[in-house]
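Asker: You'll find start10.csv just under this line, and it carries CSV, N, CA and C atoms.
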```csv
chain,number,residue,atom,x,y,z
T,1242,MET,N,61.7,-48.7,-57.3
T,1242,MET,CA,61.9,-47.8,-58.4
T,1242,MET,C,61.9,-46.3,-57.9
T,1243,LYS,N,62.9,-45.6,-58.3
T,1243,LYS,CA,63.0,-44.2,-58.0
T,1243,LYS,C,62.4,-43.3,-59.1
T,1244,LEU,N,61.4,-42.5,-58.7
T,1244,LEU,CA,60.7,-41.6,-59.6
T,1244,LEU,C,61.6,-40.3,-59.9
T,1245,PRO,N,61.6,-39.8,-61.1
T,1245,PRO,CA,62.3,-38.6,-61.4
T,1245,PRO,C,61.6,-37.4,-60.7
T,1246,LEU,N,62.4,-36.4,-60.2
T,1246,LEU,CA,61.8,-35.3,-59.5
T,1246,LEU,C,60.7,-34.6,-60.3
T,1247,PRO,N,60.8,-34.3,-61.6
T,1247,PRO,CA,59.7,-33.7,-62.3
T,1247,PRO,C,58.4,-34.5,-62.3
T,1248,LEU,N,58.5,-35.8,-62.3
T,1248,LEU,CA,57.3,-36.6,-62.2
T,1248,LEU,C,56.7,-36.5,-60.8
T,1249,ILE,N,57.5,-36.5,-59.8
T,1249,ILE,CA,57.0,-36.3,-58.4
T,1249,ILE,C,56.3,-35.0,-58.3
T,1250,ALA,N,56.9,-33.9,-58.8
T,1250,ALA,CA,56.3,-32.6,-58.7
T,1250,ALA,C,54.9,-32.6,-59.4
T,1251,LEU,N,54.9,-33.2,-60.6
T,1251,LEU,CA,53.6,-33.3,-61.4
T,1251,LEU,C,52.5,-34.1,-60.6
T,1252,ILE,N,52.9,-35.2,-60.0
T,1252,ILE,CA,52.0,-35.9,-59.2
T,1252,ILE,C,51.5,-35.1,-58.0
T,1253,TYR,N,52.4,-34.4,-57.3
T,1253,TYR,CA,52.0,-33.6,-56.2
T,1253,TYR,C,51.0,-32.5,-56.6
T,1254,LEU,N,51.4,-31.8,-57.7
T,1254,LEU,CA,50.5,-30.6,-58.1
T,1254,LEU,C,49.2,-31.1,-58.6
T,1255,THR,N,49.0,-32.3,-59.2
T,1255,THR,CA,47.7,-32.7,-59.6
T,1255,THR,C,46.9,-33.2,-58.4
T,1256,ALA,N,47.5,-33.5,-57.3
T,1256,ALA,CA,46.8,-33.9,-56.1
T,1256,ALA,C,46.4,-32.7,-55.3
T,1257,CYS,N,46.9,-31.5,-55.6
T,1257,CYS,CA,46.6,-30.3,-54.8
T,1257,CYS,C,45.3,-29.7,-55.3
T,1258,SER,N,44.7,-28.9,-54.4
T,1258,SER,CA,43.5,-28.1,-54.8
T,1258,SER,C,43.9,-26.9,-55.6
T,1259,PRO,N,43.0,-26.3,-56.3
T,1259,PRO,CA,43.4,-25.1,-57.0
T,1259,PRO,C,44.0,-24.0,-56.1
T,1260,GLN,N,43.5,-23.9,-54.9
T,1260,GLN,CA,44.0,-22.9,-53.9
T,1260,GLN,C,45.4,-23.3,-53.5
T,1261,GLN,N,45.7,-24.5,-53.3
T,1261,GLN,CA,47.1,-25.0,-52.9
T,1261,GLN,C,48.0,-24.7,-54.1
T,1262,ARG,N,47.6,-24.9,-55.3
T,1262,ARG,CA,48.4,-24.7,-56.5
T,1262,ARG,C,48.7,-23.2,-56.6
T,1263,ALA,N,47.7,-22.3,-56.3
T,1263,ALA,CA,47.9,-20.9,-56.3
T,1263,ALA,C,48.9,-20.4,-55.3
T,1264,VAL,N,48.9,-21.0,-54.1
T,1264,VAL,CA,49.9,-20.7,-53.0
T,1264,VAL,C,51.2,-21.2,-53.5
T,1265,GLU,N,51.3,-22.4,-54.0
T,1265,GLU,CA,52.6,-22.9,-54.5
T,1265,GLU,C,53.2,-22.0,-55.6
T,1266,GLU,N,52.3,-21.4,-56.4
T,1266,GLU,CA,52.8,-20.4,-57.4
T,1266,GLU,C,53.5,-19.2,-56.8
T,1267,VAL,N,52.9,-18.7,-55.7
T,1267,VAL,CA,53.6,-17.6,-54.9
T,1267,VAL,C,54.9,-18.1,-54.4
T,1268,MET,N,55.0,-19.3,-53.9
T,1268,MET,CA,56.3,-19.8,-53.5
T,1268,MET,C,57.3,-20.0,-54.6
T,1269,ARG,N,56.8,-20.4,-55.8
T,1269,ARG,CA,57.7,-20.5,-56.9
T,1269,ARG,C,58.2,-19.1,-57.3
T,1270,LEU,N,57.3,-18.1,-57.4
T,1270,LEU,CA,57.8,-16.8,-57.7
T,1270,LEU,C,58.7,-16.2,-56.7
T,1271,ARG,N,58.6,-16.6,-55.4
T,1271,ARG,CA,59.5,-16.1,-54.4
T,1271,ARG,C,60.9,-16.7,-54.7
T,1272,GLU,N,60.9,-18.0,-55.0
T,1272,GLU,CA,62.2,-18.6,-55.3
T,1272,GLU,C,62.8,-18.0,-56.6
T,1273,LYS,N,62.0,-17.7,-57.6
T,1273,LYS,CA,62.5,-17.0,-58.8
T,1273,LYS,C,63.1,-15.6,-58.4
T,1274,ALA,N,62.4,-14.9,-57.6
T,1274,ALA,CA,62.8,-13.5,-57.2
T,1274,ALA,C,64.2,-13.6,-56.5
T,1275,LEU,N,64.4,-14.6,-55.6
T,1275,LEU,CA,65.6,-14.8,-54.9
T,1275,LEU,C,66.7,-15.2,-55.9
T,1276,ALA,N,66.4,-16.1,-56.8
T,1276,ALA,CA,67.4,-16.6,-57.8
T,1276,ALA,C,67.9,-15.5,-58.8
T,1277,THR,N,67.0,-14.6,-59.0
T,1277,THR,CA,67.4,-13.6,-60.0
T,1277,THR,C,67.6,-12.2,-59.4
T,1278,ALA,N,67.6,-12.1,-58.1
T,1278,ALA,CA,67.8,-10.9,-57.3
T,1278,ALA,C,66.8,-9.8,-57.8
T,1279,ASP,N,65.6,-10.2,-57.9
T,1279,ASP,CA,64.5,-9.4,-58.4
T,1279,ASP,C,63.7,-8.8,-57.2
T,1280,ALA,N,64.2,-7.7,-56.6
T,1280,ALA,CA,63.5,-7.2,-55.4
T,1280,ALA,C,62.1,-6.7,-55.8
T,1281,PRO,N,61.8,-6.1,-56.9
T,1281,PRO,CA,60.4,-5.7,-57.2
T,1281,PRO,C,59.5,-6.9,-57.3
T,1282,LEU,N,59.9,-8.0,-57.9
T,1282,LEU,CA,59.1,-9.2,-57.9
T,1282,LEU,C,58.8,-9.7,-56.5
T,1283,TYR,N,59.8,-9.8,-55.7
T,1283,TYR,CA,59.6,-10.3,-54.3
T,1283,TYR,C,58.7,-9.4,-53.6
T,1284,ALA,N,58.8,-8.1,-53.7
T,1284,ALA,CA,58.0,-7.1,-53.0
T,1284,ALA,C,56.5,-7.3,-53.5
T,1285,SER,N,56.3,-7.6,-54.8
T,1285,SER,CA,55.0,-7.8,-55.3
T,1285,SER,C,54.2,-9.0,-54.7
T,1286,LEU,N,54.9,-9.9,-54.0
T,1286,LEU,CA,54.3,-11.0,-53.4
T,1286,LEU,C,53.9,-10.7,-51.9
T,1287,LEU,N,54.3,-9.6,-51.4
T,1287,LEU,CA,53.9,-9.2,-50.1
T,1287,LEU,C,52.6,-8.4,-50.1
T,1288,SER,N,51.8,-8.6,-49.1
T,1288,SER,CA,50.5,-7.9,-48.9
T,1288,SER,C,50.8,-6.6,-48.2
T,1289,PRO,N,50.1,-5.5,-48.6
T,1289,PRO,CA,50.2,-4.3,-47.8
T,1289,PRO,C,49.8,-4.4,-46.4
T,1290,ALA,N,49.1,-5.5,-46.1
T,1290,ALA,CA,48.7,-5.8,-44.7
T,1290,ALA,C,49.8,-6.7,-44.0
T,1291,TYR,N,51.0,-6.8,-44.6
T,1291,TYR,CA,52.0,-7.6,-43.9
T,1291,TYR,C,52.3,-7.1,-42.5
T,1292,ARG,N,52.4,-8.0,-41.6
T,1292,ARG,CA,52.8,-7.6,-40.2
T,1292,ARG,C,53.4,-8.9,-39.6
T,1293,ASP,N,54.6,-8.7,-39.1
T,1293,ASP,CA,55.3,-9.9,-38.5
T,1293,ASP,C,56.5,-9.3,-37.6
T,1294,ARG,N,56.6,-9.8,-36.4
T,1294,ARG,CA,57.7,-9.5,-35.6
T,1294,ARG,C,58.0,-8.0,-35.5
T,1295,GLY,N,56.9,-7.2,-35.4
T,1295,GLY,CA,57.1,-5.8,-35.3
T,1295,GLY,C,57.4,-5.0,-36.6
T,1296,LYS,N,57.4,-5.7,-37.7
T,1296,LYS,CA,57.6,-5.1,-39.0
T,1296,LYS,C,56.3,-5.1,-39.8
T,1297,ASP,N,56.1,-3.9,-40.5
T,1297,ASP,CA,55.0,-3.8,-41.4
T,1297,ASP,C,55.5,-4.0,-42.8
T,1298,PHE,N,54.6,-3.8,-43.7
T,1298,PHE,CA,54.9,-3.9,-45.2
T,1298,PHE,C,56.1,-3.1,-45.6
T,1299,ALA,N,56.1,-1.8,-45.3
T,1299,ALA,CA,57.2,-0.9,-45.7
T,1299,ALA,C,58.5,-1.3,-45.1
T,1300,ALA,N,58.6,-1.7,-43.8
T,1300,ALA,CA,59.8,-2.1,-43.2
T,1300,ALA,C,60.3,-3.4,-43.8
T,1301,GLU,N,59.4,-4.4,-44.1
T,1301,GLU,CA,59.8,-5.7,-44.6
T,1301,GLU,C,60.3,-5.5,-46.1
T,1302,ARG,N,59.6,-4.7,-46.8
T,1302,ARG,CA,60.0,-4.5,-48.2
T,1302,ARG,C,61.4,-3.8,-48.3
T,1303,GLY,N,61.6,-2.8,-47.4
T,1303,GLY,CA,63.0,-2.2,-47.3
T,1303,GLY,C,64.0,-3.2,-47.0
T,1304,GLU,N,63.8,-4.1,-46.0
T,1304,GLU,CA,64.7,-5.1,-45.6
T,1304,GLU,C,65.0,-6.1,-46.7
T,1305,LEU,N,64.0,-6.5,-47.4
T,1305,LEU,CA,64.2,-7.4,-48.5
T,1305,LEU,C,65.0,-6.8,-49.6
T,1306,GLU,N,64.8,-5.5,-49.9
T,1306,GLU,CA,65.6,-4.8,-50.9
T,1306,GLU,C,67.0,-4.7,-50.5
T,1307,ARG,N,67.3,-4.4,-49.3
T,1307,ARG,CA,68.7,-4.3,-48.8
T,1307,ARG,C,69.3,-5.7,-48.9
T,1308,MET,N,68.6,-6.7,-48.4
T,1308,MET,CA,69.2,-8.1,-48.5
T,1308,MET,C,69.5,-8.5,-49.9
T,1309,ILE,N,68.6,-8.3,-50.8
T,1309,ILE,CA,68.8,-8.7,-52.2
T,1309,ILE,C,70.0,-7.9,-52.8
T,1310,ARG,N,70.0,-6.7,-52.5
T,1310,ARG,CA,71.2,-5.8,-53.0
T,1310,ARG,C,72.5,-6.3,-52.4
T,1311,GLY,N,72.5,-6.7,-51.1
T,1311,GLY,CA,73.7,-7.2,-50.5
T,1311,GLY,C,74.1,-8.6,-50.9
T,1312,PHE,N,73.2,-9.5,-51.1
T,1312,PHE,CA,73.5,-10.8,-51.5
T,1312,PHE,C,73.6,-11.1,-53.0
T,1313,GLY,N,72.8,-10.4,-53.8
T,1313,GLY,CA,72.7,-10.7,-55.2
T,1313,GLY,C,71.8,-11.9,-55.3
T,1314,PRO,N,72.0,-12.6,-56.4
T,1314,PRO,CA,71.2,-13.9,-56.6
T,1314,PRO,C,71.5,-14.9,-55.5
T,1315,VAL,N,70.4,-15.6,-55.1
T,1315,VAL,CA,70.5,-16.5,-54.0
T,1315,VAL,C,70.1,-17.9,-54.5
T,1316,SER,N,70.8,-18.9,-54.2
T,1316,SER,CA,70.4,-20.3,-54.5
T,1316,SER,C,69.6,-20.7,-53.3
T,1317,TYR,N,68.2,-20.9,-53.5
T,1317,TYR,CA,67.3,-21.3,-52.5
T,1317,TYR,C,66.6,-22.6,-52.9
T,1318,ARG,N,66.5,-23.5,-51.9
T,1318,ARG,CA,65.8,-24.7,-52.1
T,1318,ARG,C,64.8,-24.9,-51.0
T,1319,SER,N,63.6,-25.2,-51.3
T,1319,SER,CA,62.6,-25.6,-50.3
T,1319,SER,C,62.6,-27.1,-50.1
T,1320,LEU,N,62.6,-27.5,-48.9
T,1320,LEU,CA,62.7,-29.0,-48.6
T,1320,LEU,C,61.5,-29.4,-47.7
T,1321,GLY,N,60.8,-30.3,-48.2
T,1321,GLY,CA,59.6,-30.9,-47.4
T,1321,GLY,C,58.6,-29.8,-47.1
T,1322,ARG,N,58.2,-29.0,-48.1
T,1322,ARG,CA,57.2,-27.9,-47.9
T,1322,ARG,C,55.8,-28.5,-47.8
T,1323,THR,N,55.0,-28.0,-46.9
T,1323,THR,CA,53.6,-28.3,-46.9
T,1323,THR,C,52.8,-27.1,-46.9
T,1324,VAL,N,51.6,-27.2,-47.6
T,1324,VAL,CA,50.7,-26.0,-47.7
T,1324,VAL,C,49.4,-26.4,-47.1
T,1325,GLU,N,48.9,-25.6,-46.2
T,1325,GLU,CA,47.6,-25.9,-45.6
T,1325,GLU,C,46.7,-24.6,-45.9
T,1326,VAL,N,45.6,-24.8,-46.6
T,1326,VAL,CA,44.7,-23.7,-46.9
T,1326,VAL,C,43.4,-23.9,-46.1
T,1327,LYS,N,43.0,-22.8,-45.4
T,1327,LYS,CA,41.8,-22.8,-44.7
T,1327,LYS,C,41.1,-21.5,-45.0
T,1328,GLY,N,40.1,-21.6,-46.0
T,1328,GLY,CA,39.4,-20.4,-46.4
T,1328,GLY,C,40.3,-19.5,-47.2
T,1329,ALA,N,40.4,-18.2,-46.7
T,1329,ALA,CA,41.2,-17.2,-47.3
T,1329,ALA,C,42.6,-17.1,-46.7
T,1330,ASP,N,43.0,-18.1,-45.8
T,1330,ASP,CA,44.3,-18.1,-45.2
T,1330,ASP,C,45.0,-19.4,-45.5
T,1331,ALA,N,46.4,-19.2,-45.6
T,1331,ALA,CA,47.2,-20.4,-45.9
T,1331,ALA,C,48.5,-20.3,-45.0
T,1332,ILE,N,48.9,-21.5,-44.7
T,1332,ILE,CA,50.2,-21.6,-43.9
T,1332,ILE,C,51.1,-22.5,-44.8
T,1333,VAL,N,52.3,-22.0,-45.0
T,1333,VAL,CA,53.3,-22.8,-45.7
T,1333,VAL,C,54.5,-23.1,-44.7
T,1334,THR,N,54.8,-24.3,-44.5
T,1334,THR,CA,55.8,-24.7,-43.6
T,1334,THR,C,56.8,-25.6,-44.3
T,1335,GLY,N,58.1,-25.5,-43.8
T,1335,GLY,CA,59.1,-26.4,-44.4
T,1335,GLY,C,60.5,-26.0,-44.0
T,1336,ARG,N,61.4,-26.7,-44.6
T,1336,ARG,CA,62.8,-26.4,-44.3
T,1336,ARG,C,63.4,-25.8,-45.6
T,1337,TYR,N,64.5,-25.1,-45.5
T,1337,TYR,CA,65.1,-24.5,-46.7
T,1337,TYR,C,66.6,-24.7,-46.6
T,1338,ALA,N,67.3,-24.5,-47.7
T,1338,ALA,CA,68.7,-24.5,-47.8
T,1338,ALA,C,69.0,-23.3,-48.8
T,1339,MET,N,69.9,-22.5,-48.4
T,1339,MET,CA,70.3,-21.3,-49.2
T,1339,MET,C,71.8,-21.2,-49.3
T,1340,LYS,N,72.2,-20.7,-50.5
T,1340,LYS,CA,73.6,-20.4,-50.7
T,1340,LYS,C,73.6,-18.9,-51.2
T,1341,VAL,N,74.4,-18.1,-50.5
T,1341,VAL,CA,74.5,-16.7,-50.8
T,1341,VAL,C,76.0,-16.3,-50.8
T,1342,THR,N,76.2,-15.1,-51.4
T,1342,THR,CA,77.6,-14.5,-51.3
T,1342,THR,C,77.4,-13.2,-50.6
T,1343,PHE,N,78.1,-13.1,-49.5
T,1343,PHE,CA,78.1,-11.9,-48.7
T,1343,PHE,C,79.5,-11.3,-48.5
T,1344,ARG,N,79.7,-10.1,-49.0
T,1344,ARG,CA,81.0,-9.5,-48.9
T,1344,ARG,C,82.1,-10.4,-49.5
T,1345,GLY,N,81.7,-11.0,-50.7
T,1345,GLY,CA,82.6,-11.8,-51.4
T,1345,GLY,C,82.9,-13.2,-50.8
T,1346,ARG,N,82.2,-13.5,-49.8
T,1346,ARG,CA,82.4,-14.8,-49.1
T,1346,ARG,C,81.1,-15.7,-49.3
T,1347,PRO,N,81.2,-16.9,-49.7
T,1347,PRO,CA,80.1,-17.8,-49.9
T,1347,PRO,C,79.6,-18.2,-48.5
T,1348,LEU,N,78.3,-18.2,-48.3
T,1348,LEU,CA,77.6,-18.7,-47.1
T,1348,LEU,C,76.6,-19.7,-47.4
T,1349,GLU,N,76.4,-20.7,-46.6
T,1349,GLU,CA,75.3,-21.6,-46.7
T,1349,GLU,C,74.5,-21.5,-45.4
T,1350,LEU,N,73.2,-21.3,-45.7
T,1350,LEU,CA,72.2,-21.2,-44.6
T,1350,LEU,C,71.2,-22.3,-44.7
T,1351,ALA,N,70.7,-22.7,-43.6
T,1351,ALA,CA,69.6,-23.7,-43.6
T,1351,ALA,C,68.7,-23.5,-42.4
T,1352,GLY,N,67.5,-23.9,-42.5
T,1352,GLY,CA,66.6,-23.7,-41.3
T,1352,GLY,C,65.2,-24.1,-41.7
T,1353,GLU,N,64.3,-23.7,-40.8
T,1353,GLU,CA,62.9,-23.9,-41.0
T,1353,GLU,C,62.1,-22.6,-41.1
T,1354,GLU,N,61.0,-22.6,-41.8
T,1354,GLU,CA,60.3,-21.4,-42.0
T,1354,GLU,C,58.8,-21.7,-42.0
T,1355,THR,N,58.0,-20.7,-41.6
T,1355,THR,CA,56.5,-20.8,-41.6
T,1355,THR,C,56.1,-19.4,-42.2
T,1356,LEU,N,55.5,-19.5,-43.3
T,1356,LEU,CA,54.9,-18.3,-44.0
T,1356,LEU,C,53.4,-18.3,-43.9
T,1357,ARG,N,52.9,-17.1,-43.7
T,1357,ARG,CA,51.4,-17.0,-43.7
T,1357,ARG,C,51.0,-16.2,-44.9
T,1358,LEU,N,50.0,-16.7,-45.6
T,1358,LEU,CA,49.5,-16.0,-46.8
T,1358,LEU,C,48.0,-15.8,-46.6
T,1359,ARG,N,47.5,-14.8,-47.4
T,1359,ARG,CA,46.0,-14.5,-47.4
T,1359,ARG,C,45.6,-14.2,-48.8
T,1360,ARG,N,44.5,-14.7,-49.1
T,1360,ARG,CA,43.9,-14.5,-50.5
T,1360,ARG,C,43.3,-13.1,-50.5
T,1361,GLU,N,43.8,-12.3,-51.4
T,1361,GLU,CA,43.3,-10.9,-51.5
T,1361,GLU,C,42.7,-10.7,-52.9
T,1362,ALA,N,42.2,-9.5,-53.2
T,1362,ALA,CA,41.7,-9.3,-54.5
T,1362,ALA,C,42.7,-9.6,-55.6
T,1363,GLY,N,43.9,-9.3,-55.4
T,1363,GLY,CA,45.0,-9.5,-56.4
T,1363,GLY,C,45.6,-10.9,-56.4
T,1364,GLY,N,45.0,-11.8,-55.6
T,1364,GLY,CA,45.6,-13.2,-55.5
T,1364,GLY,C,46.2,-13.4,-54.1
T,1365,TRP,N,46.9,-14.5,-53.9
T,1365,TRP,CA,47.5,-14.8,-52.7
T,1365,TRP,C,48.7,-13.9,-52.4
T,1366,LYS,N,48.8,-13.4,-51.2
T,1366,LYS,CA,49.9,-12.6,-50.8
T,1366,LYS,C,50.5,-13.0,-49.5
T,1367,ILE,N,51.8,-12.8,-49.3
T,1367,ILE,CA,52.4,-13.1,-48.0
T,1367,ILE,C,52.1,-12.0,-47.0
T,1368,VAL,N,51.6,-12.5,-45.8
T,1368,VAL,CA,51.2,-11.5,-44.8
T,1368,VAL,C,52.0,-11.6,-43.5
T,1369,GLY,N,52.9,-12.6,-43.5
T,1369,GLY,CA,53.8,-12.8,-42.3
T,1369,GLY,C,54.7,-14.0,-42.5
T,1370,GLY,N,55.8,-13.9,-41.6
T,1370,GLY,CA,56.7,-15.1,-41.6
T,1370,GLY,C,58.0,-14.9,-42.2
T,1371,LEU,N,58.3,-13.8,-42.9
T,1371,LEU,CA,59.6,-13.7,-43.5
T,1371,LEU,C,60.7,-13.3,-42.5
```
Give the structure from the file, written as structure tokens.
Answerer:
Amino acid sequence: MKLPLPLIALIYLTACSPQQRAVEEVMRLREKALATADAPLYASLLSPAYRDRGKDFAAERGELERMIRGFGPVSYRSLGRTVEVKGADAIVTGRYAMKVTFRGRPLELAGEETLRLRREAGGWKIVGGL
């Protein structure tokens, strides 16, 4: 018997800890920001303490704004995502598939990603991995 996707999602979320659900909500908002080309929403998910591959918060925020402006809405799907929470830190790993339009041409991108999050006063924020 094949279960419908909404039922699978419900089963998964009820099996998660409150912290895992909070991290999943950040991932959901990230997907929404990409789908609606909402750069301010995406930027709100980043921590001021963001550091990754030589980029800090300001550099990453600027790059995200340019990307969203250049691509517009993005069709993004997370595939096989896992969330591991250890205290105030979380690691989200998985694969993704994206469809974007760049300079009028459709592009399909796929790959793997690992995002690092930290629980801060304002909730869970992305601190690395973009």
Asker: Return as an MDAnalysis selection string the full set of residues in chain T whose backbone-based DSSP assignment is strand (DSSP E).
Answerer: chainID T and resid 1292:1293 1296:1297 1316:1327 1330:1343 1346:1361 1364:1369
Asker: Identify which of the residues T:Gln1260, T:Tyr1283, T:Ala1278, T:Gly1335 lies closest to Arg1302 (chain T), counting only N, CA and C atoms when measuring atom-to-atom distances.
Answerer: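 Counting only N, CA and C atoms, the residue closest to Arg1302 (chain T) is T:Tyr1283.
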Asker: Got a sec: who's within 9 Å of Thr1323 (chain T), counting only C-alpha atoms, leaving out chain neighbours fewer than 2 positions off, as a PDB file with N, CA and C atoms, in the coordinates of the input?
Answerer:
```pdb
ATOM      1  N   GLY T1321      60.800 -30.300 -48.200  1.00  0.00           N
ATOM      2  CA  GLY T1321      59.600 -30.900 -47.400  1.00  0.00           C
ATOM      3  C   GLY T1321      58.600 -29.800 -47.100  1.00  0.00           C
ATOM      4  N   GLU T1325      48.900 -25.600 -46.200  1.00  0.00           N
ATOM      5  CA  GLU T1325      47.600 -25.900 -45.600  1.00  0.00           C
ATOM      6  C   GLU T1325      46.700 -24.600 -45.900  1.00  0.00           C
ATOM      7  N   ILE T1332      48.900 -21.500 -44.700  1.00  0.00           N
ATOM      8  CA  ILE T1332      50.200 -21.600 -43.900  1.00  0.00           C
ATOM      9  C   ILE T1332      51.100 -22.500 -44.800  1.00  0.00           C
ATOM     10  N   VAL T1333      52.300 -22.000 -45.000  1.00  0.00           N
ATOM     11  CA  VAL T1333      53.300 -22.800 -45.700  1.00  0.00           C
ATOM     12  C   VAL T1333      54.500 -23.100 -44.700  1.00  0.00           C
ATOM     13  N   THR T1334      54.800 -24.300 -44.500  1.00  0.00           N
ATOM     14  CA  THR T1334      55.800 -24.700 -43.600  1.00  0.00           C
ATOM     15  C   THR T1334      56.800 -25.600 -44.300  1.00  0.00           C
ATOM     16  N   GLY T1335      58.100 -25.500 -43.800  1.00  0.00           N
ATOM     17  CA  GLY T1335      59.100 -26.400 -44.400  1.00  0.00           C
ATOM     18  C   GLY T1335      60.500 -26.000 -44.000  1.00  0.00           C
TER      19      GLY T1335
END
```
Asker: Would you list, as number ranges by chain, the residues of chain T that end up in alpha helix (DSSP H) under DSSP run on this structure's backbone?
Answerer: T: 1246-1256, 1259-1276, 1280-1285, 1298-1312
Asker: Atom C of Ala1274 (chain T) to CA of Gly1313 (chain T): how many Å, to one decimal?
Answerer: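 These two atoms are separated by 9.1 Å.
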Asker: Provide the atom N of Leu1356 (chain T) to atom C of Gly1369 (chain T) distance in Å, to one decimal place.
Answerer: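 About the pair atom N of Leu1356 (chain T) and atom C of Gly1369 (chain T): they are 5.6 Å apart.
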Asker: Suppose you want the space between atom C of Ala1290 (chain T) and atom C of Lys1366 (chain T); what is it in Å?
Answerer: 8.4 Å
Asker: Pick from T:Leu1282, T:Met1268, T:Leu1287, T:Leu1275: nearest to Val1315 (chain T), with only C-alpha atoms counted?
Answerer: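 Closest to Val1315 (chain T) of all the choices is T:Leu1275.
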Asker: Got a sec: who's within 7 Å of Tyr1291 (chain T), counting all atoms listed in the file, leaving out chain neighbours fewer than 6 positions off, as a VMD selection string?
Answerer: chain T and resid 1297 to 1298 1367 to 1369
Asker: From the list T:Ile1309, T:Ala1351, T:Val1341, T:Leu1358, which residue is nearest Ala1329 (chain T) when using all atoms listed in the file?
Answerer: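 Closest to Ala1329 (chain T) of all the choices is T:Leu1358.
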Asker: T:Pro1281, T:Glu1301, T:Glu1353, T:Val1324: which is nearest Glu1265 (chain T), counting all atoms listed in the file?
Answerer: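 The closest residue to Glu1265 (chain T) is T:Val1324.
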Asker: Just want the 7 Å neighbourhood of Gly1370 (chain T), counted on all atoms listed in the file, with same-chain residues fewer than 5 positions away dropped. Output as a list in words.
Answerer: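 Close residues of Gly1370 (chain T): Arg1292, Asp1293, Arg1294, Glu1354, Thr1355, Leu1356 and Arg1357 of chain T.
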